[in-house]
Structures are given as structure tokens and as C-alpha cells.
file model.txt (compact mmCIF, C-alpha atoms and all ligand atoms)
# COMPACT_ATOMS: atom_id res chain seq x y z
CA MET C 239 101.11 36.47 65.16
CA ASN C 240 100.01 34.47 62.19
CA LYS C 241 97.61 35.67 59.54
CA VAL C 242 94.66 33.69 60.85
CA TRP C 243 94.82 35.44 64.21
CA ILE C 244 95.04 38.83 62.61
CA ILE C 245 91.89 38.02 60.66
CA VAL C 246 90.11 36.74 63.75
CA LEU C 247 90.98 39.90 65.67
CA LEU C 248 89.86 42.12 62.81
CA LEU C 249 86.54 40.25 62.63
CA LEU C 250 86.00 40.75 66.34
CA PHE C 251 86.26 44.49 65.87
CA ILE C 252 84.16 44.89 62.79
CA THR C 253 81.39 42.35 63.13
CA PRO C 254 78.26 41.53 65.08
CA GLY C 255 77.14 43.34 68.08
CA SER C 256 78.88 46.57 67.23
CA VAL C 257 76.44 47.71 64.55
CA PHE C 258 73.31 47.06 66.56
CA SER C 259 74.57 47.03 70.11
CA SER C 260 72.11 49.77 71.12
CA GLU C 261 68.68 49.23 72.57
CA PHE C 262 66.40 46.51 71.24
CA GLY C 263 63.84 49.18 70.31
CA GLU C 264 66.31 50.81 67.97
CA LEU C 265 66.87 47.46 66.35
CA THR C 266 63.18 46.76 65.77
CA ALA C 267 62.80 50.32 64.42
CA ILE C 268 65.26 49.35 61.69
CA CYS C 269 63.30 46.19 60.89
CA GLU C 270 60.03 48.07 60.86
CA SER C 271 61.27 50.73 58.49
CA CYS C 272 60.81 47.98 55.88
CA HIS C 273 58.61 45.30 57.49
CA GLY C 274 56.06 47.82 58.81
CA PRO C 275 54.70 48.42 62.31
CA ASP C 276 54.90 45.21 64.39
CA GLY C 277 56.15 43.39 61.31
CA ALA C 278 52.72 43.56 59.61
CA SER C 279 54.21 44.63 56.30
CA PRO C 280 52.04 46.91 54.17
CA TYR C 281 54.39 46.38 51.20
CA SER C 282 53.64 43.50 48.84
CA ASP C 283 57.31 42.73 48.19
CA VAL C 284 58.30 42.74 51.87
CA PRO C 285 57.15 39.70 53.87
CA ILE C 286 54.94 39.92 56.95
CA ILE C 287 57.06 38.73 59.88
CA GLY C 288 54.83 39.55 62.88
CA GLY C 289 53.12 36.33 64.00
CA GLN C 290 55.36 34.02 61.95
CA THR C 291 56.75 31.11 63.98
CA GLU C 292 59.75 31.70 66.22
CA LYS C 293 61.65 28.76 64.81
CA TYR C 294 61.14 29.91 61.25
CA LEU C 295 62.08 33.54 61.97
CA ARG C 296 65.23 32.55 63.78
CA GLY C 297 66.15 30.02 61.14
CA SER C 298 65.66 32.45 58.29
CA LEU C 299 67.72 35.16 60.00
CA GLN C 300 70.53 32.65 60.60
CA SER C 301 70.26 31.56 57.02
CA TYR C 302 70.57 35.11 55.65
CA GLN C 303 73.60 35.65 57.87
CA VAL C 304 75.49 32.91 56.07
CA TRP C 305 74.08 33.89 52.65
CA GLY C 306 71.93 30.75 52.60
CA ARG C 307 69.16 32.71 50.96
CA PRO C 308 69.17 35.16 48.07
CA CYS C 309 70.34 38.60 49.20
CA VAL C 310 67.83 40.81 47.42
CA LYS C 311 68.46 44.55 47.66
CA SER C 312 65.63 46.61 49.08
CA ALA C 313 65.03 50.30 49.77
CA TYR C 314 63.97 51.59 53.20
CA ARG C 315 60.25 52.34 53.06
CA THR C 316 59.90 54.67 56.06
CA GLY C 317 62.16 56.72 58.31
CA ASP C 318 65.17 58.07 56.45
CA THR C 319 64.40 56.67 53.00
CA SER C 320 67.57 58.23 51.56
CA ARG C 321 69.61 55.51 53.32
CA PRO C 322 71.20 53.34 50.66
CA LYS C 323 69.42 50.14 49.68
CA THR C 324 70.41 47.12 51.68
CA ASP C 325 69.59 43.42 51.93
CA MET C 326 68.83 40.87 54.62
CA CYS C 327 72.31 39.31 54.39
CA LYS C 328 73.95 42.65 55.23
CA ILE C 329 71.38 43.37 57.94
CA THR C 330 71.85 40.02 59.68
CA GLY C 331 75.61 40.36 59.26
CA GLY C 332 75.41 42.97 62.01
CA LEU C 333 73.40 40.81 64.42
CA SER C 334 74.55 38.56 67.24
CA GLU C 335 72.97 35.16 67.98
CA GLU C 336 71.26 36.77 70.95
CA ASP C 337 69.85 39.60 68.78
CA MET C 338 68.38 37.02 66.40
CA ARG C 339 66.92 34.98 69.23
CA MET C 340 65.28 38.08 70.73
CA LEU C 341 63.98 39.30 67.37
CA ALA C 342 62.46 35.90 66.57
CA GLU C 343 60.87 35.72 70.01
CA HIS C 344 59.53 39.27 69.72
CA TYR C 345 58.02 39.03 66.22
CA SER C 346 56.55 35.57 66.79
CA SER C 347 54.67 36.90 69.83
CA LEU C 348 52.86 39.56 67.77
CA PRO C 349 49.58 38.96 65.94
CA TRP C 350 49.65 37.81 62.31
CA VAL C 351 47.91 40.48 60.25
CA PRO C 352 46.97 38.97 56.86
CA ALA C 353 47.76 41.13 53.84
CA PRO C 354 44.74 43.03 52.53
CA GLN C 355 45.29 41.96 48.93
CA SER C 356 43.14 41.27 45.91
CA PHE C 357 42.88 37.75 44.47
CA ASP C 358 41.07 35.79 41.79
CA ALA C 359 38.20 34.06 43.58
CA SER C 360 37.69 31.63 40.70
CA GLN C 361 41.10 30.03 41.39
CA VAL C 362 40.79 29.60 45.14
CA ASP C 363 39.22 26.12 45.16
CA ALA C 364 41.80 24.73 42.73
CA GLY C 365 44.56 26.26 44.87
CA ALA C 366 43.10 24.79 48.06
CA ALA C 367 42.99 21.31 46.49
CA LEU C 368 46.60 21.56 45.31
CA HIS C 369 47.61 22.72 48.76
CA GLN C 370 45.86 19.82 50.50
CA GLN C 371 47.52 17.29 48.23
CA ASN C 372 51.02 18.70 48.14
CA CYS C 373 51.76 21.24 50.80
CA GLU C 374 49.60 20.52 53.85
CA THR C 375 52.06 18.06 55.44
CA CYS C 376 54.49 20.88 56.18
CA HIS C 377 52.37 24.06 55.86
CA GLU C 378 49.61 22.82 58.13
CA GLN C 379 45.92 23.73 58.41
CA GLY C 380 45.70 25.27 55.00
CA GLY C 381 48.97 27.14 55.54
CA THR C 382 47.60 29.01 58.57
CA ALA C 383 49.48 27.09 61.26
CA ASP C 384 52.95 26.48 62.58
CA GLY C 385 54.38 23.37 61.03
CA ILE C 386 57.67 22.26 59.56
CA GLY C 387 57.33 25.13 57.09
CA PRO C 388 56.31 28.74 57.65
CA ARG C 389 52.86 30.22 57.61
CA LEU C 390 51.73 30.98 54.04
CA ALA C 391 48.05 31.89 54.45
CA GLY C 392 47.68 35.67 54.25
CA GLN C 393 51.32 36.31 53.30
CA TRP C 394 51.79 38.74 50.41
CA ALA C 395 51.40 36.78 47.17
CA PRO C 396 53.97 38.88 45.24
CA TYR C 397 56.53 38.07 47.93
CA LEU C 398 55.67 34.34 47.91
CA LYS C 399 55.90 34.24 44.13
CA HIS C 400 59.28 35.87 44.27
CA ALA C 401 60.48 33.46 47.01
CA LEU C 402 59.39 30.43 44.97
CA LYS C 403 61.33 31.70 41.98
CA PHE C 404 64.57 30.96 43.87
CA VAL C 405 63.66 27.38 44.78
CA PRO C 406 64.74 25.78 41.46
CA THR C 407 68.00 27.76 41.53
CA GLY C 408 68.82 26.34 44.97
CA GLU C 409 69.27 29.84 46.39
CA HIS C 410 66.25 29.57 48.68
CA MET C 411 66.81 26.22 50.34
CA VAL C 412 63.66 24.22 51.08
CA PRO C 413 63.22 20.52 51.91
CA PRO C 414 63.81 18.25 48.86
CA LEU C 415 60.19 17.07 49.02
CA MET C 416 58.89 20.60 48.56
CA GLU C 417 61.34 21.21 45.74
CA ARG C 418 60.17 18.05 43.93
CA LYS C 419 56.51 18.87 44.31
CA LEU C 420 56.97 22.40 43.00
CA GLY C 421 59.03 21.11 40.11
CA ASP C 422 55.96 19.36 38.69
CA PHE C 423 53.79 22.46 38.84
CA SER C 424 52.80 24.70 35.95
CA GLU C 425 52.62 28.50 36.23
CA ALA C 426 48.84 28.10 36.41
CA ASP C 427 49.13 25.74 39.41
CA ILE C 428 51.39 28.19 41.22
CA ALA C 429 48.97 31.03 40.46
CA ALA C 430 46.08 28.98 41.89
CA LEU C 431 48.05 28.27 45.07
CA LEU C 432 48.97 31.92 45.50
CA ASN C 433 45.35 32.98 45.01
CA TYR C 434 44.36 30.50 47.70
CA TYR C 435 46.88 31.91 50.21
CA ALA C 436 45.89 35.48 49.30
CA SER C 437 42.22 34.66 49.88
CA GLN C 438 42.85 33.69 53.53
CA GLN C 439 42.36 37.08 55.13
CA ASN C 440 40.78 36.22 58.48
C1 LIG J 501 65.76 47.65 53.78
C2 LIG J 501 64.55 46.90 54.07
C3 LIG J 501 64.59 45.83 55.14
C4 LIG J 501 65.04 45.95 56.44
C5 LIG J 501 65.66 47.15 57.11
C6 LIG J 501 64.81 44.65 57.06
N1 LIG J 501 64.25 43.79 56.17
FE1 LIG J 501 63.82 41.81 56.49
N2 LIG J 501 63.33 41.60 54.54
C7 LIG J 501 63.26 42.62 53.61
C8 LIG J 501 62.88 42.08 52.32
C9 LIG J 501 62.68 42.86 51.03
C10 LIG J 501 62.75 40.68 52.51
C11 LIG J 501 62.45 39.63 51.44
C12 LIG J 501 63.79 39.25 50.82
C13 LIG J 501 63.64 38.65 49.51
O1 LIG J 501 63.03 39.29 48.67
O2 LIG J 501 64.14 37.54 49.29
C14 LIG J 501 63.02 40.42 53.92
C15 LIG J 501 62.97 39.16 54.52
C16 LIG J 501 62.99 38.94 55.88
C17 LIG J 501 62.69 37.68 56.54
C18 LIG J 501 62.27 36.37 55.87
C19 LIG J 501 60.76 36.24 55.96
C20 LIG J 501 60.20 35.05 55.27
O3 LIG J 501 58.95 34.93 55.21
O4 LIG J 501 60.94 34.21 54.78
C21 LIG J 501 62.82 37.90 57.88
C22 LIG J 501 62.60 36.89 58.99
C23 LIG J 501 63.22 39.28 58.06
N3 LIG J 501 63.32 39.88 56.83
C24 LIG J 501 63.43 39.87 59.29
C25 LIG J 501 63.96 41.15 59.46
C26 LIG J 501 64.39 41.69 60.73
C27 LIG J 501 64.25 40.97 62.05
C28 LIG J 501 64.91 42.94 60.48
C29 LIG J 501 65.57 43.89 61.46
C30 LIG J 501 66.76 43.39 62.11
C31 LIG J 501 64.77 43.18 59.04
N4 LIG J 501 64.20 42.07 58.46
C32 LIG J 501 65.14 44.34 58.39
C33 LIG J 501 63.53 43.96 53.83
C34 LIG J 501 64.09 44.47 54.99
C1 LIG J 502 58.55 18.59 53.29
C2 LIG J 502 57.95 19.78 53.86
C3 LIG J 502 57.40 20.82 52.89
C4 LIG J 502 56.50 20.64 51.87
C5 LIG J 502 55.82 19.35 51.41
C6 LIG J 502 56.27 21.96 51.31
N1 LIG J 502 57.02 22.90 51.98
FE1 LIG J 502 57.13 24.87 51.55
N2 LIG J 502 58.56 25.13 52.97
C7 LIG J 502 59.01 24.14 53.82
C8 LIG J 502 60.06 24.69 54.68
C9 LIG J 502 60.80 23.95 55.78
C10 LIG J 502 60.23 26.05 54.28
C11 LIG J 502 61.22 27.07 54.85
C12 LIG J 502 62.53 26.99 54.13
C13 LIG J 502 63.49 28.04 54.68
O1 LIG J 502 64.05 27.79 55.72
O2 LIG J 502 63.61 29.10 54.09
C14 LIG J 502 59.27 26.29 53.21
C15 LIG J 502 59.12 27.50 52.57
C16 LIG J 502 58.13 27.79 51.63
C17 LIG J 502 57.92 29.09 51.03
C18 LIG J 502 58.69 30.38 51.33
C19 LIG J 502 57.93 31.13 52.39
C20 LIG J 502 58.55 32.44 52.84
O3 LIG J 502 57.92 33.10 53.70
O4 LIG J 502 59.63 32.81 52.39
C21 LIG J 502 56.86 28.95 50.18
C22 LIG J 502 56.23 30.04 49.34
C23 LIG J 502 56.43 27.56 50.24
N3 LIG J 502 57.23 26.88 51.14
C24 LIG J 502 55.39 27.03 49.51
C25 LIG J 502 55.10 25.66 49.44
C26 LIG J 502 54.10 25.11 48.56
C27 LIG J 502 53.24 25.92 47.61
C28 LIG J 502 54.09 23.76 48.77
C29 LIG J 502 53.27 22.71 48.06
C30 LIG J 502 53.44 22.65 46.64
C31 LIG J 502 55.10 23.48 49.79
N4 LIG J 502 55.68 24.66 50.17
C32 LIG J 502 55.41 22.22 50.26
C33 LIG J 502 58.57 22.83 53.87
C34 LIG J 502 57.72 22.25 52.94

call {"tool": "encode", "arguments": {"input": "model.txt", "output": "C-alpha cells"}}
result
Amino acid sequence: MNKVWIIVLLLLFITPGSVFSSEFGELTAICESCHGPDGASPYSDVPIIGGQTEKYLRGSLQSYQVWGRPCVKSAYRTGDTSRPKTDMCKITGGLSEEDMRMLAEHYSSLPWVPAPQSFDASQVDAGAALHQQNCETCHEQGGTADGIGPRLAGQWAPYLKHALKFVPTGEHMVPPLMERKLGDFSEADIAALLNYYASQQN
């Protein structure tokens, strides 16, 4: 047997399926020990996933699995919080295609619960105008709707800010048009946009 086959066989034993082969409910319990009940995250650095689009959820899980996004370490927030920190790349490393399909279907079917966060009301109009000019094509209806890009309205601003930080480094891959538009923005513009998304709490 050549080396390649030995590696393939080893991978079959140690990867996907085996880690999370148990019931779907056990799987979502793992997700929700960070993303909160029904994916409506109460933690400002953990994104809300309940009610996000199916395509986006599935795509982002697939992307983490191949390390196409930054693999940021995070602690478990509920359940056994003494479990070592982990990241979305490791978590998706244990998922099969079918797991990811089911997870995306499940979380997209749940209601989107906007984050109850504070914001600077004086920046909302400026943020809305920037959004309309630069972001609306892909993050439709003021960022509330399913479009080419994910829903932004009501997402935790600290998480969004952190996600945007990785765009110039190429670690969080976004369409070139979005990258170009963001490249022209000042910190103040980004702050205005984030205040706009944070203000959308209905
Ligand atoms: C240990 C905590 C933790 C667990 C467990 C966890 N996540 Fe995450 N997840 C995060 C954090 C933190 C982020 C944001 C990563 C970052 O900062 O770049 C994230 C990001 C995501 C994203 C990207 C959302 C977006 O708006 O781009 C999806 C989708 C996701 N997780 C789904 C899941 C699913 C499904 C599970 C269960 C199989 C799960 N997560 C388990 C902490 C966790
Ligand atoms: C050409 C289409 C397009 C345009 C224009 C665009 N985006 Fe995006 N955006 C996307 C796509 C697609 C993604 C998802 C990338 C991925 O798969 O992770 C995304 C992701 C994001 C994310 C990460 C969300 C998350 O949950 O992790 C933020 C924040 C964001 N966009 C903000 C903006 C802002 C602000 C603007 C306007 C300045 C903008 N986008 C313009 C297509 C676009």
C-alpha cells in the first residue's frame, strides 16, 4: 500500500461524522453553548445565526472547514465552560456535508432576533446613507434581507467590526467589490455603518 492510501484510510477513521455522529439535537446543543438558544446569540462577540440565510450559513460552515475564514478561538459560554477553547475551523472539521446542510436548514428556519444593543443615534442617518450607496446591492433592504451577502441589520456590532477587520488581510473572503468599497472608508464611516445596523432592532 502506498503512502497516499495509508493517509486516506487514516483520514476516514479520524475525520467527519465520527465526532458528531450522534443525534442532531446533541449537535445543536454544542452550537448553542456559544451561539445561544436557537442561535439568537446573547454574546456581542458571537454572531447571531438563527434566521440568517441558509445559503450563507452553509457557505460559511464550508468555508471554516477549509480554513477559508479566520479561525478565532472562543470559550464555551454555557454548559461545561471548562471545556478548552475552540474555533469554528475545528468545530466544522468534525462535520459531514450532510450535518452542515441540516444545520444551515435548521438555523435559517428560526426567527432572527436582533441584538438588544446600544448605539449612537446621531450616526444612524449617516450610516444609512453610506449603506444605500455602497452596500445595498448585496445586503438588501437596509441589510435586513437575504441577498448575495448575509443579513447585517441587528447583528452584533462588535462581531461585525471584528469580521470587517479581516477583510483587508484577505482572511475573511468577500466579493472584490465589497473589499474595494470598504477600502475607501474611514474608521468614522465604519462606525456610522455599524451604528446603523445596531439601530435596526425590530
Ligand atoms: C466555542 C464557541 C462556539 C461553538 C461551540 C460554535 N460556534 Fe460558531 N462561532 C463562534 C464564534 C466566536 C464565531 C465568530 C468567529 C469569528 O470571530 O471570526 C462563530 C461563527 C459562526 C458562523 C459564522 C456566522 C457569520 O455571521 O458569519 C456560523 C455560521 C457558525 N458559527 C455556526 C456554528 C454552528 C452551526 C455550530 C455548531 C456545529 C457552532 N457555530 C459552534 C463560536 C462558536
Ligand atoms: C458585491 C456584493 C457586496 C457588497 C457591495 C458588499 N458586501 Fe458585504 N458581504 C458580501 C458577501 C457575499 C459576504 C459574505 C462573505 C462570506 O462568505 O463570508 C459579505 C459579508 C459581509 C460582512 C460579514 C458578515 C458576517 O456575518 O460575518 C460584513 C460585516 C459586510 N459584508 C459588510 C458590508 C458593508 C458595510 C458593505 C458596504 C460598504 C458591504 N458589505 C458591501 C457581499 C457584498

call {"tool": "residues_around", "arguments": {"input": "model.txt", "residues": "segment 286-300 of chain C", "least_positions_apart": "6", "cutoff": "9 Å", "atoms": "all atoms listed in the file", "output": "VMD selection string"}}
result
chain C and resid 273 to 280 306 to 307 326 to 327 330 335 338 to 353 383 to 389 392 to 394

call {"tool": "closest_atom_pairs", "arguments": {"input": "model.txt", "of": "segment 329-395 of chain C", "to": "segment 405-420 of chain C", "cutoff": "12 Å", "atoms": "only C-alpha atoms", "output": "CSV"}}
result
residue,atom,partner,partner_atom,distance
C:Leu368,CA,C:Lys419,CA,10.3
C:His369,CA,C:Lys419,CA,10.7
C:Gln371,CA,C:Lys419,CA,9.9
C:Asn372,CA,C:Lys419,CA,6.7
C:Cys373,CA,C:Met416,CA,7.5
C:Glu374,CA,C:Met416,CA,10.7
C:Thr375,CA,C:Met416,CA,10.0
C:Cys376,CA,C:Met416,CA,8.8
C:His377,CA,C:Met416,CA,10.4
C:Ile386,CA,C:Pro413,CA,9.6
C:Gly387,CA,C:Val412,CA,8.8
C:Pro388,CA,C:Val412,CA,10.8

call {"tool": "axis_aligned_box", "arguments": {"input": "model.txt", "around": "ligand LIG 501 (chain J)", "padding_each_side": "6 Å", "output": "JSON"}}
result
{"center_x": 62.9, "center_y": 40.9, "center_z": 55.4, "size_x": 19.8, "size_y": 25.4, "size_z": 25.4}

call {"tool": "closest_residue", "arguments": {"input": "model.txt", "among": "C:Pro285, C:Gly331, C:Gly380, C:Gly263", "to": "ligand LIG 502 (chain J)", "atoms": "only C-alpha atoms and all ligand atoms"}}
result
C:Pro285

call {"tool": "closest_residue", "arguments": {"input": "model.txt", "among": "C:Glu264, C:Glu270, C:Asp358, C:Asp337", "to": "Thr316 of chain C", "atoms": "only C-alpha atoms"}}
result
C:Glu270

call {"tool": "atom_distance", "arguments": {"input": "model.txt", "atom1": "atom CA of Ile329 of chain C", "atom2": "atom CA of Phe262 of chain C"}}
result
14.5 Å

call {"tool": "atom_distance", "arguments": {"input": "model.txt", "atom1": "atom CA of Asp427 of chain C", "atom2": "atom CA of Gln370 of chain C"}}
result
13.0 Å

call {"tool": "atom_distance", "arguments": {"input": "model.txt", "atom1": "atom C23 of ligand LIG 502 (chain J)", "atom2": "atom CA of Leu402 of chain C"}}
result
6.7 Å

call {"tool": "closest_residue", "arguments": {"input": "model.txt", "among": "C:Ser282, C:Ser312, C:Thr319, C:Ser301", "to": "ligand LIG 502 (chain J)", "atoms": "only C-alpha atoms and all ligand atoms"}}
result
C:Ser301

call {"tool": "closest_residue", "arguments": {"input": "model.txt", "among": "C:Val284, C:Leu333, C:Val310, C:Ala429", "to": "Ala359 of chain C", "atoms": "all atoms listed in the file"}}
result
C:Ala429

call {"tool": "closest_residue", "arguments": {"input": "model.txt", "among": "C:Tyr314, C:Phe423, C:Tyr281, C:Phe404", "to": "ligand LIG 501 (chain J)", "atoms": "only C-alpha atoms and all ligand atoms"}}
result
C:Tyr314

call {"tool": "residues_around", "arguments": {"input": "model.txt", "residues": "Ala395 of chain C", "least_positions_apart": "3", "cutoff": "10 Å", "atoms": "all atoms listed in the file", "output": "list in words"}}
result
Ser282, Asp283, Pro285, Ala353, Gln355, Ser356, Phe357, Leu390, Ala391, Gly392, Leu398, Lys399, His400, Ala401, Ala429, Leu431, Leu432, Asn433, Tyr434, Tyr435, Ala436 and Ser437 of chain C

call {"tool": "write_last_selection", "arguments": {"input": "model.txt", "atoms": "C-alpha atoms", "output": "CSV table (one decimal), in the coordinates of the input"}}
result
chain,number,residue,atom,x,y,z
C,282,SER,CA,53.6,43.5,48.8
C,283,ASP,CA,57.3,42.7,48.2
C,285,PRO,CA,57.2,39.7,53.9
C,353,ALA,CA,47.8,41.1,53.8
C,355,GLN,CA,45.3,42.0,48.9
C,356,SER,CA,43.1,41.3,45.9
C,357,PHE,CA,42.9,37.8,44.5
C,390,LEU,CA,51.7,31.0,54.0
C,391,ALA,CA,48.0,31.9,54.4
C,392,GLY,CA,47.7,35.7,54.2
C,398,LEU,CA,55.7,34.3,47.9
C,399,LYS,CA,55.9,34.2,44.1
C,400,HIS,CA,59.3,35.9,44.3
C,401,ALA,CA,60.5,33.5,47.0
C,429,ALA,CA,49.0,31.0,40.5
C,431,LEU,CA,48.0,28.3,45.1
C,432,LEU,CA,49.0,31.9,45.5
C,433,ASN,CA,45.4,33.0,45.0
C,434,TYR,CA,44.4,30.5,47.7
C,435,TYR,CA,46.9,31.9,50.2
C,436,ALA,CA,45.9,35.5,49.3
C,437,SER,CA,42.2,34.7,49.9

call {"tool": "closest_residue", "arguments": {"input": "model.txt", "among": "C:Ser271, C:Glu336, C:Tyr302, C:Asp325", "to": "ligand LIG 502 (chain J)", "atoms": "only C-alpha atoms and all ligand atoms"}}
result
C:Tyr302
